[in-house]
>>> print(open('entry-v8.txt').read())   # compact mmCIF, C-alpha atoms
# COMPACT_ATOMS: atom_id res chain seq x y z
CA MET V 1 0.00 0.00 0.00
CA THR V 2 1.39 3.44 -0.96
CA GLU V 3 2.19 5.67 2.00
CA ILE V 4 0.85 9.22 2.20
CA HIS V 5 3.63 11.74 2.69
CA ASN V 6 4.12 15.46 3.09
CA LYS V 7 5.33 16.60 -0.32
CA ASP V 8 6.79 19.80 1.13
CA SER V 9 9.31 18.02 3.36
CA THR V 10 9.67 14.44 2.12
CA MET V 11 9.94 12.50 -1.12
CA ARG V 12 9.73 8.89 -2.20
CA SER V 13 13.05 7.17 -2.78
CA VAL V 14 14.43 3.68 -3.30
CA VAL V 15 16.51 2.82 -0.22
CA PHE V 16 19.06 0.09 0.50
CA ASP V 17 19.19 -1.10 4.13
CA GLY V 18 22.19 -3.42 3.83
CA GLN V 19 20.20 -6.65 3.58
CA PRO V 20 21.28 -8.37 0.36
CA PHE V 21 18.62 -8.84 -2.31
CA GLU V 22 16.26 -6.29 -0.78
CA VAL V 23 15.43 -2.66 -1.47
CA HIS V 24 12.57 -0.57 -0.13
CA VAL V 25 10.64 2.52 -1.21
CA ARG V 26 10.41 5.00 1.65
CA ASP V 27 9.89 8.61 2.56
CA VAL V 28 13.19 10.44 2.96
CA PRO V 29 13.92 14.15 3.46
CA LYS V 30 13.22 16.06 0.26
CA ALA V 31 16.31 17.15 -1.67
CA LYS V 32 17.09 20.84 -1.22
CA VAL V 33 19.76 23.40 -2.05
CA VAL V 34 22.57 23.09 0.50
CA ARG V 35 25.21 25.23 -1.20
CA GLN V 36 24.50 28.16 -3.50
CA THR V 37 26.11 26.25 -6.39
CA ASP V 38 23.50 23.46 -6.07
CA ALA V 39 20.40 22.74 -8.10
CA VAL V 40 17.45 20.51 -7.27
CA VAL V 41 16.00 18.45 -10.12
CA ARG V 42 12.51 16.96 -10.17
CA VAL V 43 13.12 13.54 -11.66
CA THR V 44 11.00 12.56 -14.65
CA SER V 45 12.81 9.27 -15.38
CA ALA V 46 15.38 7.16 -13.57
CA ALA V 47 16.87 3.77 -14.41
CA LEU V 48 18.12 0.65 -12.71
CA CYS V 49 21.76 0.03 -13.66
CA GLY V 50 23.74 -3.21 -13.59
CA SER V 51 26.12 -1.62 -11.10
CA ASP V 52 23.13 -1.00 -8.77
CA LEU V 53 22.92 -4.79 -8.56
CA HIS V 54 26.34 -4.86 -6.85
CA ASN V 55 24.71 -2.90 -4.01
CA TYR V 56 21.58 -5.06 -4.18
CA HIS V 57 23.72 -8.21 -3.99
CA GLY V 58 25.58 -6.86 -0.96
CA VAL V 59 29.05 -6.67 -2.52
CA PHE V 60 29.47 -2.91 -2.98
CA GLY V 61 28.53 0.37 -1.35
CA SER V 62 28.96 2.31 1.86
CA LYS V 63 29.51 0.65 5.22
CA GLN V 64 26.81 2.80 6.79
CA VAL V 65 23.20 2.00 5.97
CA PRO V 66 20.50 2.83 5.09
CA TYR V 67 21.10 5.05 2.08
CA PRO V 68 19.15 6.09 -1.06
CA ILE V 69 20.22 4.23 -4.18
CA GLY V 70 20.46 4.88 -7.93
CA HIS V 71 22.65 7.02 -10.19
CA GLU V 72 20.88 7.33 -13.57
CA ALA V 73 18.25 10.05 -13.96
CA MET V 74 17.02 13.11 -15.78
CA GLY V 75 14.32 15.65 -15.10
CA ILE V 76 13.26 19.29 -14.75
CA VAL V 77 15.15 21.84 -12.64
CA GLU V 78 12.98 22.84 -9.70
CA GLN V 79 15.33 25.08 -7.71
CA VAL V 80 18.79 26.65 -8.13
CA GLY V 81 21.22 28.27 -5.72
CA ALA V 82 22.11 31.94 -6.00
CA ASP V 83 25.50 31.20 -7.58
CA VAL V 84 24.18 28.99 -10.39
CA ASP V 85 24.46 30.81 -13.74
CA SER V 86 23.89 28.47 -16.69
CA VAL V 87 21.05 26.35 -15.32
CA LYS V 88 17.56 27.79 -14.91
CA VAL V 89 14.38 26.67 -13.18
CA GLY V 90 12.32 24.76 -15.74
CA ASP V 91 15.29 23.46 -17.73
CA ARG V 92 15.11 19.84 -18.84
CA VAL V 93 18.40 18.22 -17.84
CA ILE V 94 20.42 15.01 -17.79
CA ILE V 95 22.14 14.20 -14.47
CA PRO V 96 25.53 12.53 -15.09
CA ASP V 97 26.34 9.87 -12.49
CA LEU V 98 29.58 11.55 -11.36
CA PRO V 99 29.05 15.22 -10.42
CA SER V 100 31.79 17.66 -11.40
CA GLY V 101 34.48 18.53 -8.87
CA VAL V 102 32.94 16.75 -5.88
CA GLY V 103 35.68 15.28 -3.70
CA LEU V 104 38.45 17.35 -5.27
CA ASP V 105 39.03 19.14 -1.96
CA LEU V 106 40.12 15.85 -0.38
CA GLU V 107 43.75 14.88 0.11
CA PRO V 108 45.43 13.32 -2.94
CA ALA V 109 45.71 9.54 -2.70
CA ILE V 110 46.89 6.63 -4.82
CA ASN V 111 43.26 5.41 -4.72
CA PRO V 112 41.30 8.60 -5.51
CA PRO V 113 37.98 9.28 -3.75
CA ILE V 114 34.93 8.89 -5.97
CA ALA V 115 31.75 10.89 -5.38
CA PHE V 116 28.92 8.89 -6.83
CA TYR V 117 25.15 9.17 -6.55
CA GLY V 118 23.33 6.38 -4.76
CA GLN V 119 26.29 4.92 -2.87
CA GLY V 120 25.92 6.45 0.58
CA HIS V 121 28.27 8.20 2.99
CA GLN V 122 31.59 6.75 1.81
CA PHE V 123 30.96 7.95 -1.74
CA GLY V 124 30.03 11.56 -1.13
CA ASP V 125 26.62 11.12 0.52
CA LEU V 126 24.92 12.65 -2.53
CA GLY V 127 21.59 10.89 -2.20
CA GLY V 128 20.11 8.58 -4.80
CA CYS V 129 18.66 9.22 -8.25
CA GLN V 130 15.84 6.68 -7.95
CA ALA V 131 13.86 9.34 -6.14
CA GLU V 132 11.38 12.11 -6.83
CA PHE V 133 14.04 14.81 -6.46
CA VAL V 134 17.84 14.96 -6.64
CA ARG V 135 20.25 17.57 -5.29
CA VAL V 136 23.00 18.26 -7.84
CA PRO V 137 26.18 19.92 -6.53
CA LEU V 138 28.13 22.32 -8.77
CA ALA V 139 25.13 22.41 -11.06
CA ASP V 140 26.72 24.59 -13.75
CA LYS V 141 29.30 21.87 -14.45
CA SER V 142 27.31 18.81 -13.41
CA LEU V 143 24.14 19.09 -15.51
CA PHE V 144 23.52 18.89 -19.25
CA VAL V 145 20.75 21.27 -20.26
CA LEU V 146 18.60 20.07 -23.15
CA GLY V 147 17.52 22.75 -25.60
CA LYS V 148 14.17 22.90 -27.40
CA GLU V 149 15.56 20.72 -30.18
CA TYR V 150 15.27 17.80 -27.74
CA ASP V 151 11.62 18.45 -26.81
CA MET V 152 10.35 15.73 -29.13
CA ILE V 153 12.90 13.15 -27.95
CA ALA V 154 11.59 10.89 -25.20
CA ASP V 155 13.36 10.31 -21.89
CA THR V 156 13.80 6.70 -23.02
CA ASP V 157 16.61 7.69 -25.39
CA LEU V 158 18.07 10.42 -23.19
CA VAL V 159 18.23 9.09 -19.62
CA LEU V 160 20.76 6.47 -20.72
CA LEU V 161 23.25 9.30 -21.31
CA SER V 162 23.52 9.72 -17.53
CA ASP V 163 25.73 6.61 -17.38
CA VAL V 164 25.36 3.44 -19.44
CA PHE V 165 25.60 4.82 -22.98
CA PRO V 166 28.69 6.97 -22.24
CA THR V 167 30.21 4.07 -20.27
CA ALA V 168 29.64 1.69 -23.17
CA TRP V 169 31.08 4.19 -25.66
CA ALA V 170 34.14 4.68 -23.44
CA GLY V 171 34.70 0.93 -23.16
CA VAL V 172 34.91 0.67 -26.94
CA THR V 173 37.25 3.68 -27.04
CA TRP V 174 39.47 2.30 -24.28
CA SER V 175 39.92 -0.94 -26.22
CA GLY V 176 41.73 1.12 -28.88
CA PHE V 177 38.92 0.63 -31.38
CA GLU V 178 39.21 1.96 -34.93
CA ALA V 179 36.68 1.74 -37.77
CA GLY V 180 36.95 -1.62 -39.50
CA ASP V 181 38.02 -3.50 -36.38
CA LYS V 182 36.44 -6.72 -35.19
CA ILE V 183 35.37 -6.57 -31.55
CA ALA V 184 34.01 -8.93 -28.89
CA ILE V 185 31.77 -7.54 -26.14
CA PHE V 186 31.52 -9.64 -22.97
CA GLY V 187 28.10 -9.16 -21.41
CA ALA V 188 24.77 -8.40 -23.08
CA GLY V 189 23.18 -6.40 -20.33
CA ALA V 190 22.42 -2.76 -21.11
CA VAL V 191 26.09 -1.69 -21.06
CA GLY V 192 27.20 -4.63 -23.19
CA LEU V 193 24.39 -4.11 -25.71
CA LEU V 194 25.20 -0.41 -25.92
CA ALA V 195 28.90 -1.20 -26.34
CA ALA V 196 28.00 -3.47 -29.27
CA TYR V 197 25.70 -0.74 -30.59
CA SER V 198 28.48 1.86 -30.22
CA ALA V 199 30.93 -0.31 -32.13
CA ILE V 200 28.39 -0.79 -34.94
CA LEU V 201 27.74 2.97 -35.09
CA ARG V 202 31.50 3.53 -35.31
CA GLY V 203 32.08 1.16 -38.20
CA ALA V 204 33.08 -2.20 -36.72
CA SER V 205 33.47 -4.87 -39.38
CA ARG V 206 32.16 -7.55 -37.03
CA VAL V 207 30.78 -7.45 -33.48
CA TYR V 208 30.47 -10.48 -31.19
CA CYS V 209 28.28 -10.26 -28.08
CA ILE V 210 28.80 -12.87 -25.34
CA ASP V 211 26.21 -13.78 -22.71
CA SER V 212 24.07 -16.71 -21.50
CA VAL V 213 20.61 -15.10 -21.51
CA GLU V 214 18.92 -15.95 -24.79
CA GLU V 215 16.60 -12.93 -24.77
CA ARG V 216 19.59 -10.62 -24.46
CA LEU V 217 21.48 -12.46 -27.19
CA GLU V 218 18.44 -12.13 -29.45
CA LEU V 219 18.44 -8.39 -28.78
CA ALA V 220 22.15 -8.28 -29.67
CA ALA V 221 21.42 -10.08 -32.93
CA SER V 222 18.62 -7.62 -33.69
CA ILE V 223 21.12 -4.72 -33.82
CA GLY V 224 23.57 -6.62 -36.02
CA ALA V 225 25.87 -8.32 -33.49
CA ILE V 226 26.81 -12.01 -33.60
CA PRO V 227 25.53 -13.71 -30.42
CA ILE V 228 27.76 -16.13 -28.52
CA ASN V 229 26.22 -18.20 -25.71
CA PHE V 230 29.11 -18.99 -23.36
CA THR V 231 27.25 -21.91 -21.76
CA LYS V 232 27.59 -23.77 -25.07
CA GLY V 233 31.39 -23.83 -24.98
CA GLU V 234 34.34 -21.67 -24.11
CA PRO V 235 33.50 -18.29 -25.68
CA SER V 236 37.06 -17.57 -26.78
CA ALA V 237 37.11 -20.92 -28.61
CA GLN V 238 33.78 -20.12 -30.28
CA ILE V 239 35.16 -16.79 -31.48
CA LEU V 240 38.54 -18.20 -32.56
CA ALA V 241 36.75 -20.85 -34.60
CA ARG V 242 35.27 -17.97 -36.62
CA GLU V 243 38.26 -15.63 -36.36
CA PRO V 244 41.48 -17.71 -36.25
CA GLY V 245 43.59 -14.60 -35.69
CA GLY V 246 41.30 -13.30 -32.98
CA VAL V 247 39.51 -9.96 -32.79
CA GLN V 248 41.40 -6.70 -32.48
CA ARG V 249 39.30 -5.38 -29.60
CA THR V 250 37.52 -6.80 -26.57
CA VAL V 251 35.45 -5.13 -23.85
CA ASP V 252 34.58 -6.49 -20.39
CA CYS V 253 31.11 -5.18 -19.53
CA VAL V 254 30.55 -7.70 -16.72
CA GLY V 255 33.04 -7.17 -13.90
CA GLU V 256 33.60 -8.96 -10.64
CA GLU V 257 30.32 -10.88 -10.42
CA CYS V 258 30.97 -12.82 -13.63
CA VAL V 259 30.32 -16.55 -13.97
CA ASN V 260 31.88 -19.29 -16.09
CA GLU V 261 30.43 -21.79 -18.62
CA THR V 262 28.74 -23.72 -15.82
CA LEU V 263 27.27 -20.48 -14.40
CA LYS V 264 29.50 -20.72 -11.31
CA PRO V 265 31.14 -17.56 -9.93
CA ASP V 266 34.61 -17.11 -11.46
CA GLN V 267 36.07 -13.61 -11.25
CA SER V 268 38.86 -14.41 -13.71
CA PHE V 269 36.62 -15.86 -16.42
CA VAL V 270 35.83 -12.82 -18.56
CA ILE V 271 39.32 -11.31 -18.40
CA THR V 272 40.90 -14.66 -19.29
CA GLN V 273 38.50 -15.30 -22.15
CA ALA V 274 39.01 -11.77 -23.49
CA ILE V 275 42.80 -12.12 -23.49
CA LYS V 276 42.52 -15.48 -25.25
CA CYS V 277 40.52 -14.11 -28.19
CA THR V 278 42.21 -10.71 -28.52
CA SER V 279 44.60 -10.63 -31.47
CA VAL V 280 48.29 -9.74 -31.33
CA GLY V 281 48.68 -6.00 -30.71
CA GLY V 282 45.02 -5.68 -29.76
CA GLY V 283 43.32 -3.98 -26.85
CA LEU V 284 40.95 -4.71 -23.97
CA GLY V 285 38.67 -2.16 -22.30
CA VAL V 286 37.47 -3.03 -18.78
CA ILE V 287 34.38 -1.10 -17.75
CA GLY V 288 32.77 -3.81 -15.61
CA VAL V 289 33.15 -2.99 -11.90
CA TYR V 290 36.06 -4.56 -10.00
CA PHE V 291 35.90 -3.01 -6.52
CA ALA V 292 36.23 -5.57 -3.73
CA GLN V 293 35.20 -4.43 -0.25
CA ALA V 294 35.49 -6.09 3.13
CA TYR V 295 32.41 -7.27 5.01
CA SER V 296 30.44 -4.51 6.72
CA GLU V 297 26.84 -3.82 7.65
CA GLY V 298 26.38 -2.23 4.23
CA VAL V 299 28.41 -4.84 2.30
CA GLN V 300 27.28 -8.09 3.91
CA ARG V 301 28.50 -10.32 1.07
CA GLY V 302 31.80 -8.52 0.61
CA ASN V 303 33.72 -11.68 1.48
CA THR V 304 32.40 -13.34 -1.71
CA ILE V 305 34.49 -11.00 -3.89
CA SER V 306 38.28 -11.22 -3.95
CA PRO V 307 40.42 -8.13 -4.56
CA SER V 308 42.68 -10.29 -6.77
CA ILE V 309 42.07 -12.46 -9.82
CA THR V 310 44.12 -14.96 -11.82
CA PHE V 311 45.47 -13.18 -14.90
CA PRO V 312 46.96 -14.89 -18.01
CA MET V 313 50.12 -12.81 -17.86
CA THR V 314 52.20 -14.82 -20.33
CA LEU V 315 49.52 -14.75 -23.04
CA PHE V 316 48.89 -11.06 -22.41
CA TRP V 317 52.60 -10.26 -22.68
CA GLU V 318 53.21 -12.47 -25.72
CA LYS V 319 50.38 -10.80 -27.59
CA ASN V 320 51.49 -7.26 -26.67
CA ILE V 321 47.93 -6.41 -25.59
CA THR V 322 46.96 -3.02 -24.18
CA VAL V 323 44.46 -2.89 -21.28
CA ARG V 324 42.63 0.13 -19.88
CA GLY V 325 39.92 0.09 -17.24
CA GLY V 326 38.25 2.01 -14.46
CA ALA V 327 35.24 4.17 -13.68
CA VAL V 328 34.01 6.23 -16.63
CA ASP V 329 33.32 9.95 -16.24
CA SER V 330 30.17 10.07 -18.36
CA LYS V 331 30.35 13.86 -18.68
CA LEU V 332 33.25 13.48 -21.13
CA TYR V 333 31.04 11.65 -23.63
CA VAL V 334 27.56 13.11 -23.20
CA GLN V 335 27.81 15.97 -25.72
CA PRO V 336 28.80 13.91 -28.78
CA LEU V 337 26.25 11.25 -27.88
CA LEU V 338 23.56 13.92 -27.58
CA GLU V 339 24.35 14.96 -31.14
CA LEU V 340 23.90 11.37 -32.33
CA VAL V 341 20.58 11.10 -30.51
CA LYS V 342 19.39 14.49 -31.76
CA CYS V 343 19.95 13.64 -35.43
CA GLY V 344 18.33 10.22 -35.01
CA ARG V 345 21.53 8.28 -35.68
CA ALA V 346 21.46 6.74 -32.19
CA LYS V 347 18.35 5.40 -30.47
CA PRO V 348 19.73 3.67 -27.36
CA GLY V 349 16.35 3.22 -25.65
CA PHE V 350 15.98 -0.20 -27.28
CA VAL V 351 17.68 -1.69 -24.19
CA PHE V 352 14.71 -0.96 -21.90
CA SER V 353 12.57 -4.01 -21.22
CA SER V 354 10.18 -2.48 -18.64
CA VAL V 355 8.87 0.86 -17.43
CA ILE V 356 7.63 0.92 -13.83
CA ASP V 357 6.38 3.22 -11.08
CA ILE V 358 8.75 3.86 -8.17
CA GLU V 359 6.52 1.85 -5.85
CA GLU V 360 7.26 -1.19 -8.03
CA ALA V 361 11.04 -0.84 -7.59
CA PRO V 362 11.51 -3.81 -5.19
CA ASN V 363 9.96 -6.16 -7.74
CA GLY V 364 11.86 -4.44 -10.55
CA TYR V 365 15.13 -5.12 -8.74
CA ARG V 366 14.21 -8.76 -8.18
CA ARG V 367 13.42 -9.29 -11.84
CA PHE V 368 16.54 -7.42 -12.94
CA SER V 369 18.72 -9.48 -10.60
CA ASP V 370 17.13 -12.68 -11.92
CA ARG V 371 17.97 -11.56 -15.50
CA LEU V 372 14.28 -11.35 -16.41
CA GLU V 373 14.83 -7.73 -17.40
CA THR V 374 17.55 -6.15 -19.52
CA LYS V 375 17.02 -2.58 -18.30
CA VAL V 376 14.29 -1.04 -16.16
CA MET V 377 13.07 2.57 -16.25
CA ILE V 378 11.30 4.23 -13.33
CA LYS V 379 8.86 6.81 -14.72
CA PHE V 380 7.62 9.60 -12.45
>>> encode(input="entry-v8.txt", output="structure tokens")
Amino acid sequence: MTEIHNKDSTMRSVVFDGQPFEVHVRDVPKAKVVRQTDAVVRVTSAALCGSDLHNYHGVFGSKQVPYPIGHEAMGIVEQVGADVDSVKVGDRVIIPDLPSGVGLDLEPAINPPIAFYGQGHQFGDLGGCQAEFVRVPLADKSLFVLGKEYDMIADTDLVLLSDVFPTAWAGVTWSGFEAGDKIAIFGAGAVGLLAAYSAILRGASRVYCIDSVEERLELAASIGAIPINFTKGEPSAQILAREPGGVQRTVDCVGEECVNETLKPDQSFVITQAIKCTSVGGGLGVIGVYFAQAYSEGVQRGNTISPSITFPMTLFWEKNITVRGGAVDSKLYVQPLLELVKCGRAKPGFVFSSVIDIEEAPNGYRRFSDRLETKVMIKF
């Protein structure tokens, strides 16, 4: 039953309490301007991301719970601080998952701090984007304002620019991709599908998409990728049977919760398979999350993820492969992707399998975790 709440002081938000495989929708304090460089956005659409499942599965996030969750959203600016210049009340905006400049006042470290929506106190305490309102710090640099030319473009194709489409595009770039290359994308969730889509848009001669979920592989085939079901044999062997010299580029869109051919957890599986089928002088982009954390109240299954994996060093070295990975700053890629969406060249919204109300989020998470959904939108 939906709770009645005071809209002046509270808002509905998806909240993670620390219990693995559970989220809740609760009243939380309404987002407001805290610093005069802030803006508050009324969310029109948010999305469930594959990396949200790391929180949901209890392997990633802040030690302290509860906290609001979610980092993909867009909406209408409701309020701005006095020092905000380029963003106005009423503007339709995309909220990139990593706000600009947040955390830069912290001491330099070999492991840099990351301020990230929907991850709780340890990650900037920014609140979550699966909520009715979001506070955006440093709004002038942290929001992308959509002009009137975007009025006829639905949120479905735009909200993905808050994270997964830029992340997918970056993964292809980080692999060293050039037009004409052959590329293998590991994972056919939303990021993997959009990585395959990005490679096709950029002129790949052949794109392989590796997963075990037939519905996702069918979606990959529908955009022109070659589906590889890794439960039907070692995926690198399946690719090498078609490409004896391997593919020039590979992208890991899965990360630390990957499984092997028997669907058993195996953190080294994707990296090993990618190295095996990457050609001599090729490149591997790693955009799947590898961020092991110790057990805590907020990360109750942290001990199931190792901070180390087995790596095929000899094969990697012999092939002279280049690897780049890490968290993607989506802001670096939003503008060119907006141009592709605006002209109709890119329509990334094909990855959405369901649109739900925020009150349906707990069931949406369950279905997403069970791989019954490819991507879920929360519509407000």
>>> closest_residue(input="entry-v8.txt", among="V:Glu149, V:Asp211, V:Asp252, V:Glu22", to="Ala195 in chain V", atoms="all atoms listed in the file")
V:Asp252
>>> residues_around(input="entry-v8.txt", residues="range 67-78 of chain V", least_positions_apart="6", cutoff="8 Å", atoms="all atoms listed in the file", output="ChimeraX atom specification")
/V:13-17,39-49,52,87-97,116-121,127-130,155,158-160,162-163
>>> closest_residue(input="entry-v8.txt", among="V:Ser268, V:Gln238, V:Thr156, V:Thr322", to="Phe350 in chain V", atoms="all atoms listed in the file")
V:Thr156
>>> closest_residue(input="entry-v8.txt", among="V:Gln248, V:Ser51, V:Ser142, V:Asn303", to="Gly180 in chain V", atoms="all atoms listed in the file")
V:Gln248
>>> closest_residue(input="entry-v8.txt", among="V:Asp83, V:Glu234, V:Asp266, V:Glu132", to="Thr37 in chain V", atoms="only C-alpha atoms")
V:Asp83
>>> closest_residue(input="entry-v8.txt", among="V:Ala199, V:Val65, V:Leu161, V:Val213", to="Glu178 in chain V", atoms="all atoms listed in the file")
V:Ala199
>>> atom_distance(input="entry-v8.txt", atom1="CA of Val84 in chain V", atom2="CA of Leu126 in chain V")
18.1 Å
>>> closest_atom_pairs(input="entry-v8.txt", of="range 315-364 of chain V", to="range 218-226 of chain V", cutoff="12 Å", atoms="all atoms listed in the file", output="JSON lines")
{"residue": "V:Ala346", "atom": "CA", "partner": "V:Ile223", "partner_atom": "CA", "distance": 11.6}
{"residue": "V:Lys347", "atom": "CA", "partner": "V:Ile223", "partner_atom": "CA", "distance": 11.0}
{"residue": "V:Pro348", "atom": "CA", "partner": "V:Ile223", "partner_atom": "CA", "distance": 10.7}
{"residue": "V:Phe350", "atom": "CA", "partner": "V:Leu219", "partner_atom": "CA", "distance": 8.7}
{"residue": "V:Val351", "atom": "CA", "partner": "V:Leu219", "partner_atom": "CA", "distance": 8.2}
{"residue": "V:Phe352", "atom": "CA", "partner": "V:Leu219", "partner_atom": "CA", "distance": 10.8}
{"residue": "V:Ser353", "atom": "CA", "partner": "V:Leu219", "partner_atom": "CA", "distance": 10.5}
>>> atom_distance(input="entry-v8.txt", atom1="CA of Tyr295 in chain V", atom2="CA of Lys63 in chain V")
8.4 Å
